[in-house]
Amino acid sequence: MLITRYLRHSAVGYKALTSNVVPLSSLEFSPHTSTQKTPMLIFHGLFGSKHNWKTASEKLAKRTQRKVYAFDLRNHGESPSVDGAISSLDAMAGDVMQFVERQNLEKVVLLGHRYCNLS
């Protein structure tokens, strides 16, 4: 996913990514049995919401036997709206990093899509 690639190659420091974070609204889907598998974080595309992924998230949790979280990114759905000046990829990456830290997750699987301008 773009966020992980960006974090690995970004010259922006970690403190810059986590300085203006917003709490993300999310839905959690758990498998029927207890599991220690790496959780999956799912992100919508442009103008989307976490509800776009509800059916797929339920099926993924069941089939992969892992927790699945679907998110509204900042300025989308039920997550806080903020000034456009701080709605950059850096800011969104910081929001995701904050969630991962607050949940005490060592590793996560990221799934999402983004708009790609091919012109």
# chains A, B, ... in the order shown; residues from 1 in each chain; ligands from 1

$ residues_around --residues "Lys50 of chain A" --least-positions-apart "6" --cutoff "6 Å" --atoms "only C-alpha atoms" --output "PDB file with C-alpha atoms, in the first residue's frame"
ATOM      1  CA  ALA A  70     -11.845  -1.014   8.358  1.00  0.00           C
ATOM      2  CA  PHE A  71     -11.139   2.720   8.674  1.00  0.00           C
ATOM      3  CA  ASP A  72     -12.469   6.099   7.707  1.00  0.00           C
TER       4      ASP A  72
END

$ residues_around --residues "segment 101-111 of chain A" --least-positions-apart "6" --cutoff "7 Å" --atoms "only C-alpha atoms" --output "number ranges by chain"
A: 1, 38-43

$ atom_distance --atom1 "atom CA of Asn52 of chain A" --atom2 "atom CA of Leu27 of chain A"
11.2 Å

$ closest_residue --among "A:Asp95, A:Ser26, A:Ser88, A:Thr35" --to "Ser57 of chain A" --atoms "only C-alpha atoms"
A:Ser26

$ closest_residue --among "A:Gly112, A:Lys37, A:Leu46, A:Tyr69" --to "Val100 of chain A" --atoms "only C-alpha atoms"
A:Tyr69

$ closest_residue --among "A:Ser30, A:Asn75, A:Gln36, A:Ala93" --to "Arg63 of chain A" --atoms "only C-alpha atoms"
A:Ser30

$ closest_residue --among "A:Phe99, A:Trp53, A:Phe47, A:Phe29" --to "Gln65 of chain A" --atoms "only C-alpha atoms"
A:Phe29
